[in-house]
file run35.csv (CSV, C-alpha atoms)
chain,number,residue,atom,x,y,z
A,12,MET,CA,-167.2,-110.8,60.4
A,13,LYS,CA,-169.2,-107.9,61.9
A,14,LYS,CA,-170.1,-104.8,59.8
A,15,ILE,CA,-171.0,-101.4,61.1
A,16,LEU,CA,-173.0,-98.3,60.0
A,17,PHE,CA,-171.2,-95.3,61.5
A,18,ILE,CA,-174.0,-92.8,61.5
A,19,ASP,CA,-173.7,-89.0,61.9
A,20,ARG,CA,-176.4,-87.3,63.8
A,21,ASP,CA,-176.8,-83.5,62.9
A,22,GLY,CA,-177.6,-83.0,59.3
A,23,THR,CA,-178.1,-86.7,58.8
A,24,ILE,CA,-180.8,-87.9,61.2
A,25,ILE,CA,-182.0,-84.5,62.2
A,26,ARG,CA,-181.8,-81.2,60.5
A,27,GLU,CA,-179.0,-78.9,61.5
A,28,PRO,CA,-179.9,-75.3,62.3
A,29,ALA,CA,-177.9,-72.2,61.3
A,30,ASP,CA,-176.1,-72.1,64.7
A,31,GLU,CA,-175.2,-75.8,64.4
A,32,GLN,CA,-176.5,-76.5,67.9
A,33,ILE,CA,-179.6,-78.6,68.7
A,34,ASP,CA,-180.0,-77.2,72.2
A,35,ALA,CA,-183.8,-76.7,72.3
A,36,PHE,CA,-186.8,-78.8,71.3
A,37,GLU,CA,-188.1,-76.1,69.0
A,38,LYS,CA,-185.0,-76.6,66.8
A,39,LEU,CA,-185.6,-80.3,66.5
A,40,GLN,CA,-186.7,-81.7,63.1
A,41,PHE,CA,-185.9,-85.1,61.6
A,42,VAL,CA,-184.5,-85.3,58.1
A,43,PRO,CA,-187.2,-86.8,55.7
A,44,LYS,CA,-187.0,-90.6,55.4
A,45,ALA,CA,-184.3,-90.9,58.1
A,46,ILE,CA,-186.4,-92.7,60.6
A,47,SER,CA,-188.0,-95.2,58.2
A,48,SER,CA,-184.7,-95.8,56.5
A,49,LEU,CA,-182.9,-96.6,59.7
A,50,ALA,CA,-185.8,-98.8,60.8
A,51,PHE,CA,-185.6,-100.8,57.6
A,52,LEU,CA,-181.8,-101.3,57.9
A,53,ARG,CA,-182.1,-102.2,61.6
A,54,GLN,CA,-184.7,-104.8,60.8
A,55,HIS,CA,-183.3,-106.3,57.6
A,56,THR,CA,-179.6,-106.2,58.0
A,57,ASP,CA,-177.0,-107.4,60.5
A,58,TYR,CA,-175.0,-104.1,60.7
A,59,GLU,CA,-174.2,-102.7,64.1
A,60,PHE,CA,-175.4,-99.1,64.5
A,61,VAL,CA,-172.8,-96.7,65.9
A,62,MET,CA,-173.7,-93.0,66.2
A,63,VAL,CA,-170.7,-90.8,65.8
A,64,SER,CA,-171.2,-87.1,66.4
A,65,ASN,CA,-169.1,-84.0,66.9
A,66,GLN,CA,-170.7,-81.6,69.3
A,67,ASP,CA,-168.6,-78.5,69.4
A,68,GLY,CA,-167.9,-77.2,72.9
A,69,LEU,CA,-170.4,-79.5,74.6
A,70,GLY,CA,-170.1,-79.0,78.4
A,71,THR,CA,-168.8,-75.4,78.0
A,72,PRO,CA,-170.8,-72.2,78.7
A,73,ALA,CA,-171.3,-72.0,74.9
A,74,PHE,CA,-173.2,-75.3,74.9
A,75,PRO,CA,-174.2,-76.4,78.4
A,76,GLU,CA,-174.9,-80.1,78.8
A,77,ASP,CA,-178.3,-79.5,80.3
A,78,THR,CA,-179.5,-78.1,77.0
A,79,PHE,CA,-178.1,-81.0,75.0
A,80,TRP,CA,-179.1,-84.2,76.8
A,81,PRO,CA,-182.9,-83.7,77.0
A,82,VAL,CA,-183.1,-83.2,73.2
A,83,HIS,CA,-180.6,-86.0,72.5
A,84,ASN,CA,-182.4,-88.5,74.7
A,85,PHE,CA,-185.7,-87.5,73.0
A,86,ILE,CA,-184.2,-88.3,69.6
A,87,LEU,CA,-183.0,-91.7,70.9
A,88,ASP,CA,-186.4,-92.5,72.4
A,89,THR,CA,-188.2,-91.5,69.2
A,90,LEU,CA,-185.9,-93.8,67.2
A,91,LYS,CA,-186.2,-96.6,69.7
A,92,GLY,CA,-190.0,-96.4,69.3
A,93,GLU,CA,-189.5,-97.2,65.6
A,94,GLY,CA,-187.1,-100.1,66.3
A,95,VAL,CA,-183.9,-98.1,65.8
A,96,VAL,CA,-181.5,-98.8,68.7
A,97,PHE,CA,-177.8,-97.9,68.6
A,98,ASP,CA,-175.2,-100.4,69.7
A,99,ASP,CA,-172.9,-97.6,70.6
A,100,ILE,CA,-173.1,-93.8,70.8
A,101,LEU,CA,-169.9,-91.8,70.5
A,102,ILE,CA,-169.9,-88.0,71.0
A,103,ASP,CA,-166.9,-85.8,70.8
A,104,PRO,CA,-167.1,-82.4,72.6
A,105,HIS,CA,-164.0,-80.7,71.2
A,106,PHE,CA,-163.8,-77.5,69.1
A,107,PRO,CA,-162.1,-77.9,65.7
A,108,GLU,CA,-159.1,-75.8,66.9
A,109,ASP,CA,-158.5,-78.4,69.6
A,110,ASN,CA,-157.2,-80.8,67.0
A,111,ALA,CA,-158.4,-83.7,69.2
A,112,PRO,CA,-157.7,-87.2,67.9
A,113,THR,CA,-161.3,-88.2,68.8
A,114,ARG,CA,-162.9,-85.5,66.7
A,115,LYS,CA,-164.1,-86.5,63.2
A,116,PRO,CA,-162.6,-86.9,60.7
A,117,ASN,CA,-159.9,-88.3,63.1
A,118,THR,CA,-160.7,-91.8,64.2
A,119,GLY,CA,-159.9,-91.8,67.9
A,120,MET,CA,-163.6,-92.4,68.9
A,121,VAL,CA,-163.8,-95.6,66.7
A,122,GLN,CA,-160.3,-96.9,67.0
A,123,LYS,CA,-161.5,-99.9,69.0
A,124,TYR,CA,-163.5,-101.0,66.0
A,125,ILE,CA,-160.6,-100.5,63.6
A,126,ASP,CA,-158.3,-102.5,65.8
A,127,ASP,CA,-160.7,-105.4,66.4
A,128,PRO,CA,-160.2,-108.2,63.9
A,129,ASP,CA,-163.8,-109.3,64.3
A,130,TYR,CA,-165.0,-106.2,62.5
A,131,ASP,CA,-164.8,-105.8,58.7
A,132,THR,CA,-164.4,-102.0,58.2
A,133,GLN,CA,-164.0,-102.4,54.5
A,134,ALA,CA,-167.6,-103.7,54.3
A,135,SER,CA,-168.8,-101.0,56.6
A,136,TYR,CA,-170.2,-97.5,55.8
A,137,VAL,CA,-170.2,-94.0,57.2
A,138,ILE,CA,-173.5,-92.3,56.6
A,139,GLY,CA,-173.2,-88.5,56.9
A,140,ASP,CA,-173.8,-85.1,55.3
A,141,ARG,CA,-170.4,-83.4,55.4
A,142,ASP,CA,-167.0,-83.7,53.7
A,143,THR,CA,-165.6,-84.4,57.2
A,144,ASP,CA,-167.8,-87.5,57.2
A,145,ARG,CA,-166.4,-88.5,53.9
A,146,LYS,CA,-162.9,-88.0,55.1
A,147,PHE,CA,-163.8,-89.9,58.3
A,148,ALA,CA,-164.8,-92.9,56.1
A,149,GLU,CA,-161.5,-92.7,54.2
A,150,ASN,CA,-159.6,-92.6,57.5
A,151,ILE,CA,-161.4,-95.7,58.8
A,152,GLY,CA,-161.1,-97.5,55.5
A,153,CYS,CA,-164.8,-97.9,54.8
A,154,LYS,CA,-167.3,-96.6,52.3
A,155,PHE,CA,-169.3,-93.4,52.5
A,156,LEU,CA,-173.0,-92.7,51.9
A,157,LYS,CA,-173.8,-89.0,51.6
A,158,ILE,CA,-177.1,-87.5,52.8
A,159,ASP,CA,-177.7,-84.5,50.5
A,160,SER,CA,-179.4,-81.3,51.3
A,161,ALA,CA,-179.7,-82.0,55.0
A,162,ASP,CA,-182.1,-79.2,55.6
A,163,GLY,CA,-184.7,-81.5,54.1
A,164,GLU,CA,-186.3,-79.0,51.8
A,165,THR,CA,-185.4,-80.6,48.5
A,166,ALA,CA,-186.2,-83.9,46.7
A,167,ASP,CA,-182.5,-84.8,46.8
A,168,SER,CA,-182.6,-84.9,50.6
A,169,GLU,CA,-185.4,-87.4,50.5
A,170,THR,CA,-184.0,-89.6,47.8
A,171,SER,CA,-180.5,-89.7,49.3
A,172,TRP,CA,-181.7,-91.7,52.3
A,173,GLU,CA,-183.5,-94.1,49.9
A,174,ARG,CA,-180.3,-94.4,48.0
A,175,ALA,CA,-178.3,-95.0,51.2
A,176,VAL,CA,-180.7,-97.8,52.1
A,177,ALA,CA,-180.5,-99.4,48.7
A,178,ILE,CA,-176.7,-99.5,48.7
A,179,ALA,CA,-176.3,-100.5,52.4
A,180,PHE,CA,-178.9,-103.3,51.9
A,181,GLY,CA,-178.4,-104.4,48.3
A,182,GLY,CA,-174.8,-103.5,47.8
A,183,GLU,CA,-173.0,-101.1,45.5
A,184,ARG,CA,-173.8,-101.3,41.8
A,185,LYS,CA,-170.4,-100.4,40.3
A,186,ALA,CA,-168.5,-102.0,37.5
A,187,GLU,CA,-165.5,-101.5,35.4
A,188,VAL,CA,-164.7,-103.0,31.9
A,189,ARG,CA,-161.5,-102.8,29.9
A,190,ARG,CA,-161.8,-103.8,26.3
A,191,THR,CA,-158.6,-103.9,24.3
A,192,THR,CA,-158.3,-104.9,20.7
A,193,LYS,CA,-155.9,-104.1,17.8
A,194,GLU,CA,-158.4,-101.3,16.9
A,195,THR,CA,-159.4,-99.8,20.3
A,196,ASP,CA,-158.4,-99.6,23.9
A,197,ILE,CA,-161.4,-98.7,26.0
A,198,LEU,CA,-162.0,-98.3,29.8
A,199,VAL,CA,-165.6,-97.9,31.0
A,200,LYS,CA,-166.7,-97.4,34.6
A,201,VAL,CA,-170.3,-97.0,35.9
A,202,ASP,CA,-172.0,-96.4,39.2
A,203,LEU,CA,-175.7,-97.1,38.7
A,204,ASP,CA,-176.4,-95.3,42.0
A,205,GLY,CA,-174.4,-92.2,41.2
A,206,ARG,CA,-175.2,-88.5,40.7
A,207,GLY,CA,-174.6,-88.1,36.9
A,208,LYS,CA,-170.9,-87.3,37.1
A,209,CYS,CA,-169.2,-87.9,33.7
A,210,ASP,CA,-165.6,-88.1,32.5
A,211,ILE,CA,-165.8,-89.0,28.9
A,212,GLN,CA,-163.0,-88.9,26.3
A,213,THR,CA,-163.4,-90.9,23.1
A,214,GLY,CA,-161.8,-88.5,20.6
A,215,LEU,CA,-165.1,-87.7,19.0
A,216,GLY,CA,-166.6,-84.5,20.5
A,217,PHE,CA,-170.2,-85.2,19.5
A,218,PHE,CA,-170.1,-88.8,20.6
A,219,ASP,CA,-168.8,-87.6,24.0
A,220,HIS,CA,-171.7,-85.2,24.2
A,221,MET,CA,-174.2,-88.0,23.5
A,222,LEU,CA,-172.6,-90.3,26.1
A,223,GLU,CA,-172.7,-87.6,28.6
A,224,GLN,CA,-176.5,-87.5,28.2
A,225,ILE,CA,-176.7,-91.1,29.4
A,226,GLY,CA,-174.8,-90.3,32.6
A,227,LYS,CA,-176.3,-86.9,33.3
A,228,HIS,CA,-180.0,-87.7,32.7
A,229,GLY,CA,-179.7,-91.3,33.9
A,230,MET,CA,-178.1,-90.3,37.2
A,231,ILE,CA,-175.3,-92.7,36.4
A,232,ASP,CA,-171.7,-91.9,37.2
A,233,LEU,CA,-170.0,-92.7,33.9
A,234,THR,CA,-166.3,-92.8,32.9
A,235,VAL,CA,-165.4,-93.6,29.3
A,236,ARG,CA,-161.8,-93.4,28.0
A,237,CYS,CA,-161.2,-94.6,24.5
A,238,GLN,CA,-158.1,-94.7,22.3
A,239,GLY,CA,-159.3,-95.7,18.9
A,240,ASP,CA,-158.1,-95.9,15.3
A,241,LEU,CA,-159.7,-92.7,14.3
A,242,HIS,CA,-157.1,-92.3,11.6
A,243,VAL,CA,-159.0,-95.1,9.8
A,244,ASP,CA,-162.5,-93.9,10.7
A,245,GLU,CA,-165.0,-93.7,13.6
A,246,HIS,CA,-166.5,-97.1,13.3
A,247,HIS,CA,-164.5,-99.1,15.7
A,248,THR,CA,-164.4,-96.4,18.4
A,249,ILE,CA,-168.2,-96.1,18.4
A,250,GLU,CA,-169.0,-99.8,18.1
A,251,ASP,CA,-166.5,-101.0,20.8
A,252,THR,CA,-167.5,-98.2,23.2
A,253,ALA,CA,-171.1,-99.5,22.9
A,254,LEU,CA,-170.0,-103.0,23.6
A,255,ALA,CA,-167.9,-102.1,26.6
A,256,LEU,CA,-170.7,-99.8,28.0
A,257,GLY,CA,-173.3,-102.5,27.6
A,258,GLU,CA,-171.1,-105.1,29.2
A,259,CYS,CA,-170.4,-102.7,32.1
A,260,LEU,CA,-174.1,-102.0,32.6
A,261,LEU,CA,-174.8,-105.8,32.7
A,262,LYS,CA,-172.0,-106.4,35.1
A,263,ALA,CA,-173.1,-103.6,37.5
A,264,LEU,CA,-176.7,-104.8,37.5
A,265,GLY,CA,-175.6,-108.0,39.3
A,266,ASP,CA,-178.5,-110.3,40.0
A,267,LYS,CA,-181.1,-107.6,39.1
A,268,ARG,CA,-183.1,-108.1,42.3
A,269,GLY,CA,-185.4,-105.2,43.1
A,270,ILE,CA,-185.0,-103.3,39.8
A,271,GLU,CA,-187.9,-101.8,37.9
A,272,ARG,CA,-186.6,-103.5,34.7
A,273,TYR,CA,-188.6,-101.4,32.2
A,274,GLY,CA,-188.4,-97.8,31.0
A,275,TYR,CA,-189.3,-95.3,28.3
A,276,CYS,CA,-189.6,-91.6,26.6
A,277,LEU,CA,-189.4,-87.8,26.0
A,278,PRO,CA,-189.8,-84.9,23.6
A,279,MET,CA,-187.0,-82.5,22.6
A,280,ASP,CA,-188.1,-79.3,20.9
A,281,ASP,CA,-189.5,-80.4,17.5
A,282,CYS,CA,-188.8,-84.1,18.1
A,283,LEU,CA,-190.6,-86.9,19.9
A,284,CYS,CA,-188.2,-89.6,20.9
A,285,SER,CA,-189.2,-92.9,22.5
A,286,VAL,CA,-186.9,-95.4,24.0
A,287,ALA,CA,-188.6,-98.4,25.6
A,288,LEU,CA,-186.3,-101.0,27.2
A,289,ASP,CA,-186.3,-104.2,29.1
A,290,PHE,CA,-183.4,-105.7,31.1
A,291,GLY,CA,-185.0,-109.1,30.6
A,292,GLY,CA,-181.8,-110.8,29.4
A,293,ARG,CA,-182.9,-111.1,25.8
A,294,PRO,CA,-181.1,-108.6,23.4
A,295,TRP,CA,-183.2,-107.2,20.6
A,296,LEU,CA,-183.3,-103.8,18.8
A,297,VAL,CA,-186.2,-102.2,17.0
A,298,TRP,CA,-185.0,-99.1,15.3
A,299,ASP,CA,-187.4,-96.6,13.7
A,300,ALA,CA,-185.4,-93.4,13.1
A,301,GLU,CA,-184.2,-91.9,9.9
A,302,PHE,CA,-181.5,-89.2,9.4
A,303,ARG,CA,-181.1,-87.1,6.3
A,304,ARG,CA,-177.6,-85.8,7.1
A,305,GLU,CA,-174.5,-88.0,6.6
A,306,ARG,CA,-172.8,-86.7,9.8
A,307,ILE,CA,-173.7,-84.8,13.0
A,308,GLY,CA,-170.4,-83.5,14.3
A,309,GLU,CA,-167.8,-86.1,13.7
A,310,MET,CA,-170.3,-88.9,14.1
A,311,PRO,CA,-171.6,-90.7,11.0
A,312,THR,CA,-175.4,-91.0,11.3
A,313,GLU,CA,-175.2,-94.6,10.0
A,314,MET,CA,-173.4,-95.5,13.2
A,315,PHE,CA,-176.4,-94.5,15.4
A,316,LEU,CA,-178.2,-97.8,14.7
A,317,HIS,CA,-175.0,-99.7,15.1
A,318,PHE,CA,-174.3,-98.1,18.5
A,319,PHE,CA,-177.6,-99.1,19.9
A,320,LYS,CA,-177.5,-102.6,18.4
A,321,SER,CA,-174.1,-103.2,20.0
A,322,LEU,CA,-175.3,-101.7,23.3
A,323,SER,CA,-178.4,-103.9,23.3
A,324,ASP,CA,-176.4,-107.1,22.5
A,325,ALA,CA,-173.8,-106.5,25.2
A,326,ALA,CA,-176.2,-105.4,28.0
A,327,LYS,CA,-178.7,-108.2,27.0
A,328,MET,CA,-181.5,-105.7,26.9
A,329,ASN,CA,-184.5,-105.2,24.6
A,330,LEU,CA,-184.4,-101.7,23.0
A,331,ASN,CA,-187.3,-100.2,21.0
A,332,ILE,CA,-186.3,-96.8,19.6
A,333,ARG,CA,-188.5,-94.4,17.7
A,334,ALA,CA,-187.9,-90.8,16.7
A,335,GLU,CA,-189.7,-88.2,14.6
A,336,GLY,CA,-188.9,-84.6,14.0
A,337,GLN,CA,-187.0,-82.2,11.6
A,338,ASN,CA,-183.8,-81.2,13.4
A,339,GLU,CA,-181.3,-84.0,13.1
A,340,HIS,CA,-179.2,-82.9,16.1
A,341,HIS,CA,-182.3,-82.7,18.3
A,342,LYS,CA,-183.5,-86.1,17.1
A,343,ILE,CA,-180.4,-88.0,18.1
A,344,GLU,CA,-179.8,-86.1,21.3
A,345,GLY,CA,-183.4,-86.7,22.2
A,346,ILE,CA,-182.9,-90.5,21.6
A,347,PHE,CA,-179.8,-90.5,23.9
A,348,LYS,CA,-181.7,-88.5,26.6
A,349,ALA,CA,-184.7,-90.8,26.3
A,350,LEU,CA,-182.3,-93.8,26.7
A,351,ALA,CA,-180.9,-92.1,29.8
A,352,ARG,CA,-184.3,-91.5,31.4
A,353,SER,CA,-185.4,-95.1,30.5
A,354,LEU,CA,-182.2,-96.4,32.2
A,355,LYS,CA,-182.9,-94.3,35.3
A,356,MET,CA,-186.4,-95.7,35.5
A,357,ALA,CA,-185.4,-99.3,34.8
A,358,LEU,CA,-182.4,-99.4,37.1
A,359,ARG,CA,-184.3,-97.9,40.1
A,360,ARG,CA,-184.0,-100.4,42.9
A,361,ASP,CA,-186.8,-101.0,45.4
A,362,VAL,CA,-185.4,-102.7,48.5
A,363,TYR,CA,-188.9,-103.1,49.9
A,364,HIS,CA,-189.7,-105.5,47.1
A,365,TYR,CA,-186.3,-107.1,46.7
A,366,GLU,CA,-187.1,-109.8,44.2
A,367,LEU,CA,-186.6,-110.6,40.6
A,368,PRO,CA,-189.2,-108.8,38.4
A,369,SER,CA,-190.0,-111.9,36.5
A,370,THR,CA,-192.6,-114.7,36.7
A,371,LYS,CA,-189.9,-117.0,35.3
A,372,GLY,CA,-187.7,-116.6,38.4
A,373,THR,CA,-184.7,-115.6,36.3
A,374,LEU,CA,-183.5,-112.7,34.1

call {"tool": "encode", "arguments": {"input": "run35.csv", "output": "structure tokens"}}
result
Amino acid sequence: MKKILFIDRDGTIIREPADEQIDAFEKLQFVPKAISSLAFLRQHTDYEFVMVSNQDGLGTPAFPEDTFWPVHNFILDTLKGEGVVFDDILIDPHFPEDNAPTRKPNTGMVQKYIDDPDYDTQASYVIGDRDTDRKFAENIGCKFLKIDSADGETADSETSWERAVAIAFGGERKAEVRRTTKETDILVKVDLDGRGKCDIQTGLGFFDHMLEQIGKHGMIDLTVRCQGDLHVDEHHTIEDTALALGECLLKALGDKRGIERYGYCLPMDDCLCSVALDFGGRPWLVWDAEFRRERIGEMPTEMFLHFFKSLSDAAKMNLNIRAEGQNEHHKIEGIFKALARSLKMALRRDVYHYELPSTKGTL
């Protein structure tokens, strides 16, 4: 079946000015990485490209057509010169108050694709910068890729196009694991290409805080819900969460093509914490960290090693962890943050070198 990239124009391909009208050449600037990203997707995927754009009041005295088409055609010619040709271009001229069925997020402009059984909208994407684009994707029944900071002034705006390319080309890296025993009931969800959003509830406040470091600093969307036998002690909750999280990471990684594979380290105040890792498929833990306190928060310090050993086993990754310093809280938080940064580095996907990072040909 055919797949489509429904691509917004203003704020996605080109920067959107304050007055939200690209009606003069001096207003025209391309969003960083937009052209190269679209060129890659055009060359290396079989998506059809459909531009879908709201142009408020186009053809009215507020936005005459003779100020729109020269700039628009120049945009298309520039993209064409880089190999980016659109299969369809859909422009709606209505104002929001018109409530037109063809204006995004309504689907009138693309209804022909929704109704055509030859198109797989569930495997298609909307690429845009606004909440209306997200809602548009929901109304179509496809997925959404957000281009952040469409003014192009921040690093996020550059990396969001790279992220969009990686997902549209290589697929989403999301997974969900449910682990239920007589001792715990755990749900873990991860999105390896997320933005660090966390929803974590294990019943152990300090443990929640540490797990949040993994999501926040690893740029992984992470959900952890655990009902454990805390009336006994903390052991099963911590161990089983590590196993479920490791399994979820391994599942989300998929075939591991294009990943960096390796990662490492950071300081935190008085502490120096190093976490080197390898998603090579062979679990192993080297642990060089000592703690003088019996507990930090509700978490027994003896469980730190056990957590990382279980995580290493379930994710099939090699972990080498070292920490030195005086403050016990800083030391373990530094380890979790170093793990997160190592994960971020190792999980980074390079679609331009989309192969297994191994001379063996397998991981």

call {"tool": "closest_residue", "arguments": {"input": "run35.csv", "among": "A:Ala177, A:Ile15, A:Leu277, A:Ala35", "to": "Tyr136 in chain A", "atoms": "only C-alpha atoms"}}
result
A:Ile15

call {"tool": "atom_distance", "arguments": {"input": "run35.csv", "atom1": "CA of Glu301 in chain A", "atom2": "CA of Ala334 in chain A"}}
result
7.8 Å

call {"tool": "closest_residue", "arguments": {"input": "run35.csv", "among": "A:Ala349, A:Tyr365, A:Lys185, A:Asp21", "to": "Ile231 in chain A", "atoms": "all atoms listed in the file"}}
result
A:Lys185

call {"tool": "closest_residue", "arguments": {"input": "run35.csv", "among": "A:Ile18, A:Ile86, A:Met230, A:Leu367", "to": "Gln40 in chain A", "atoms": "all atoms listed in the file"}}
result
A:Ile86

call {"tool": "atom_distance", "arguments": {"input": "run35.csv", "atom1": "CA of Met221 in chain A", "atom2": "CA of Arg174 in chain A"}}
result
26.0 Å

call {"tool": "atom_distance", "arguments": {"input": "run35.csv", "atom1": "CA of Ile343 in chain A", "atom2": "CA of Ile270 in chain A"}}
result
26.9 Å

call {"tool": "residues_around", "arguments": {"input": "run35.csv", "residues": "Glu173 in chain A", "least_positions_apart": "2", "cutoff": "9 Å", "atoms": "only C-alpha atoms", "output": "short mmCIF file (atom, residue, chain, number, x, y, z; two decimals) with C-alpha atoms, keeping the file's coordinate frame"}}
result
data_model
loop_
_atom_site.label_atom_id
_atom_site.label_comp_id
_atom_site.auth_asym_id
_atom_site.auth_seq_id
_atom_site.Cartn_x
_atom_site.Cartn_y
_atom_site.Cartn_z
CA LYS A 44 -187.00 -90.60 55.40
CA ALA A 45 -184.30 -90.90 58.10
CA SER A 48 -184.70 -95.80 56.50
CA GLU A 169 -185.40 -87.40 50.50
CA THR A 170 -184.00 -89.60 47.80
CA SER A 171 -180.50 -89.70 49.30
CA ALA A 175 -178.30 -95.00 51.20
CA VAL A 176 -180.70 -97.80 52.10
CA ALA A 177 -180.50 -99.40 48.70
CA ILE A 178 -176.70 -99.50 48.70
CA ASP A 361 -186.80 -101.00 45.40
CA VAL A 362 -185.40 -102.70 48.50
#

call {"tool": "residues_around", "arguments": {"input": "run35.csv", "residues": "range 209-213 of chain A", "least_positions_apart": "5", "cutoff": "9 Å", "atoms": "all atoms listed in the file", "output": "PDB file with C-alpha atoms, keeping the file's coordinate frame"}}
result
ATOM      1  CA  ILE A 197    -161.400 -98.700  26.000  1.00  0.00           C
ATOM      2  CA  PHE A 218    -170.100 -88.800  20.600  1.00  0.00           C
ATOM      3  CA  ASP A 219    -168.800 -87.600  24.000  1.00  0.00           C
ATOM      4  CA  HIS A 220    -171.700 -85.200  24.200  1.00  0.00           C
ATOM      5  CA  LEU A 222    -172.600 -90.300  26.100  1.00  0.00           C
ATOM      6  CA  GLU A 223    -172.700 -87.600  28.600  1.00  0.00           C
ATOM      7  CA  GLY A 226    -174.800 -90.300  32.600  1.00  0.00           C
ATOM      8  CA  LYS A 227    -176.300 -86.900  33.300  1.00  0.00           C
ATOM      9  CA  ILE A 231    -175.300 -92.700  36.400  1.00  0.00           C
ATOM     10  CA  ASP A 232    -171.700 -91.900  37.200  1.00  0.00           C
ATOM     11  CA  LEU A 233    -170.000 -92.700  33.900  1.00  0.00           C
ATOM     12  CA  THR A 234    -166.300 -92.800  32.900  1.00  0.00           C
ATOM     13  CA  VAL A 235    -165.400 -93.600  29.300  1.00  0.00           C
ATOM     14  CA  ARG A 236    -161.800 -93.400  28.000  1.00  0.00           C
ATOM     15  CA  CYS A 237    -161.200 -94.600  24.500  1.00  0.00           C
ATOM     16  CA  GLN A 238    -158.100 -94.700  22.300  1.00  0.00           C
ATOM     17  CA  GLY A 239    -159.300 -95.700  18.900  1.00  0.00           C
ATOM     18  CA  THR A 248    -164.400 -96.400  18.400  1.00  0.00           C
ATOM     19  CA  ILE A 249    -168.200 -96.100  18.400  1.00  0.00           C
ATOM     20  CA  THR A 252    -167.500 -98.200  23.200  1.00  0.00           C
TER      21      THR A 252
END

call {"tool": "closest_residue", "arguments": {"input": "run35.csv", "among": "A:Leu101, A:Pro28, A:Thr195, A:Asp299", "to": "His242 in chain A", "atoms": "all atoms listed in the file"}}
result
A:Thr195

call {"tool": "residues_around", "arguments": {"input": "run35.csv", "residues": "Gly152 in chain A", "least_positions_apart": "4", "cutoff": "9 Å", "atoms": "all atoms listed in the file", "output": "ChimeraX atom specification"}}
result
/A:125,132-133,135,147-148

call {"tool": "residues_near_point", "arguments": {"input": "run35.csv", "point": "(-175.4, -93.1, 18.6)", "cutoff": "10 Å", "atoms": "all atoms listed in the file", "output": "list in words"}}
result
Phe217, Phe218, Met221, Leu222, Ile249, Glu250, Ala253, Met310, Pro311, Thr312, Glu313, Met314, Phe315, Leu316, His317, Phe318, Phe319, Lys320, Leu322, Ile343, Glu344, Ile346 and Phe347 of chain A

call {"tool": "write_last_selection", "arguments": {"input": "run35.csv", "atoms": "C-alpha atoms", "output": "short mmCIF file (atom, residue, chain, number, x, y, z; two decimals), in the coordinates of the input"}}
result
data_model
loop_
_atom_site.label_atom_id
_atom_site.label_comp_id
_atom_site.auth_asym_id
_atom_site.auth_seq_id
_atom_site.Cartn_x
_atom_site.Cartn_y
_atom_site.Cartn_z
CA PHE A 217 -170.20 -85.20 19.50
CA PHE A 218 -170.10 -88.80 20.60
CA MET A 221 -174.20 -88.00 23.50
CA LEU A 222 -172.60 -90.30 26.10
CA ILE A 249 -168.20 -96.10 18.40
CA GLU A 250 -169.00 -99.80 18.10
CA ALA A 253 -171.10 -99.50 22.90
CA MET A 310 -170.30 -88.90 14.10
CA PRO A 311 -171.60 -90.70 11.00
CA THR A 312 -175.40 -91.00 11.30
CA GLU A 313 -175.20 -94.60 10.00
CA MET A 314 -173.40 -95.50 13.20
CA PHE A 315 -176.40 -94.50 15.40
CA LEU A 316 -178.20 -97.80 14.70
CA HIS A 317 -175.00 -99.70 15.10
CA PHE A 318 -174.30 -98.10 18.50
CA PHE A 319 -177.60 -99.10 19.90
CA LYS A 320 -177.50 -102.60 18.40
CA LEU A 322 -175.30 -101.70 23.30
CA ILE A 343 -180.40 -88.00 18.10
CA GLU A 344 -179.80 -86.10 21.30
CA ILE A 346 -182.90 -90.50 21.60
CA PHE A 347 -179.80 -90.50 23.90
#

call {"tool": "closest_residue", "arguments": {"input": "run35.csv", "among": "A:Asp140, A:Asp240, A:Glu366, A:Glu187", "to": "Ile25 in chain A", "atoms": "all atoms listed in the file"}}
result
A:Asp140

call {"tool": "residues_around", "arguments": {"input": "run35.csv", "residues": "Asp127 in chain A", "least_positions_apart": "4", "cutoff": "12 Å", "atoms": "only C-alpha atoms", "output": "MDAnalysis selection string"}}
result
chainID A and resid 12:14 121:123 131:132

call {"tool": "closest_residue", "arguments": {"input": "run35.csv", "among": "A:Ala179, A:Met328, A:Leu39, A:Ile46", "to": "Leu374 in chain A", "atoms": "only C-alpha atoms"}}
result
A:Met328

call {"tool": "residues_around", "arguments": {"input": "run35.csv", "residues": "range 71-84 of chain A", "least_positions_apart": "5", "cutoff": "10 Å", "atoms": "all atoms listed in the file", "output": "PDB file with C-alpha atoms, keeping the file's coordinate frame"}}
result
ATOM      1  CA  ARG A  20    -176.400 -87.300  63.800  1.00  0.00           C
ATOM      2  CA  GLN A  32    -176.500 -76.500  67.900  1.00  0.00           C
ATOM      3  CA  ILE A  33    -179.600 -78.600  68.700  1.00  0.00           C
ATOM      4  CA  ASP A  34    -180.000 -77.200  72.200  1.00  0.00           C
ATOM      5  CA  ALA A  35    -183.800 -76.700  72.300  1.00  0.00           C
ATOM      6  CA  PHE A  36    -186.800 -78.800  71.300  1.00  0.00           C
ATOM      7  CA  GLU A  37    -188.100 -76.100  69.000  1.00  0.00           C
ATOM      8  CA  LYS A  38    -185.000 -76.600  66.800  1.00  0.00           C
ATOM      9  CA  LEU A  39    -185.600 -80.300  66.500  1.00  0.00           C
ATOM     10  CA  GLN A  66    -170.700 -81.600  69.300  1.00  0.00           C
ATOM     11  CA  THR A  89    -188.200 -91.500  69.200  1.00  0.00           C
ATOM     12  CA  LEU A  90    -185.900 -93.800  67.200  1.00  0.00           C
ATOM     13  CA  PRO A 104    -167.100 -82.400  72.600  1.00  0.00           C
ATOM     14  CA  HIS A 105    -164.000 -80.700  71.200  1.00  0.00           C
TER      15      HIS A 105
END
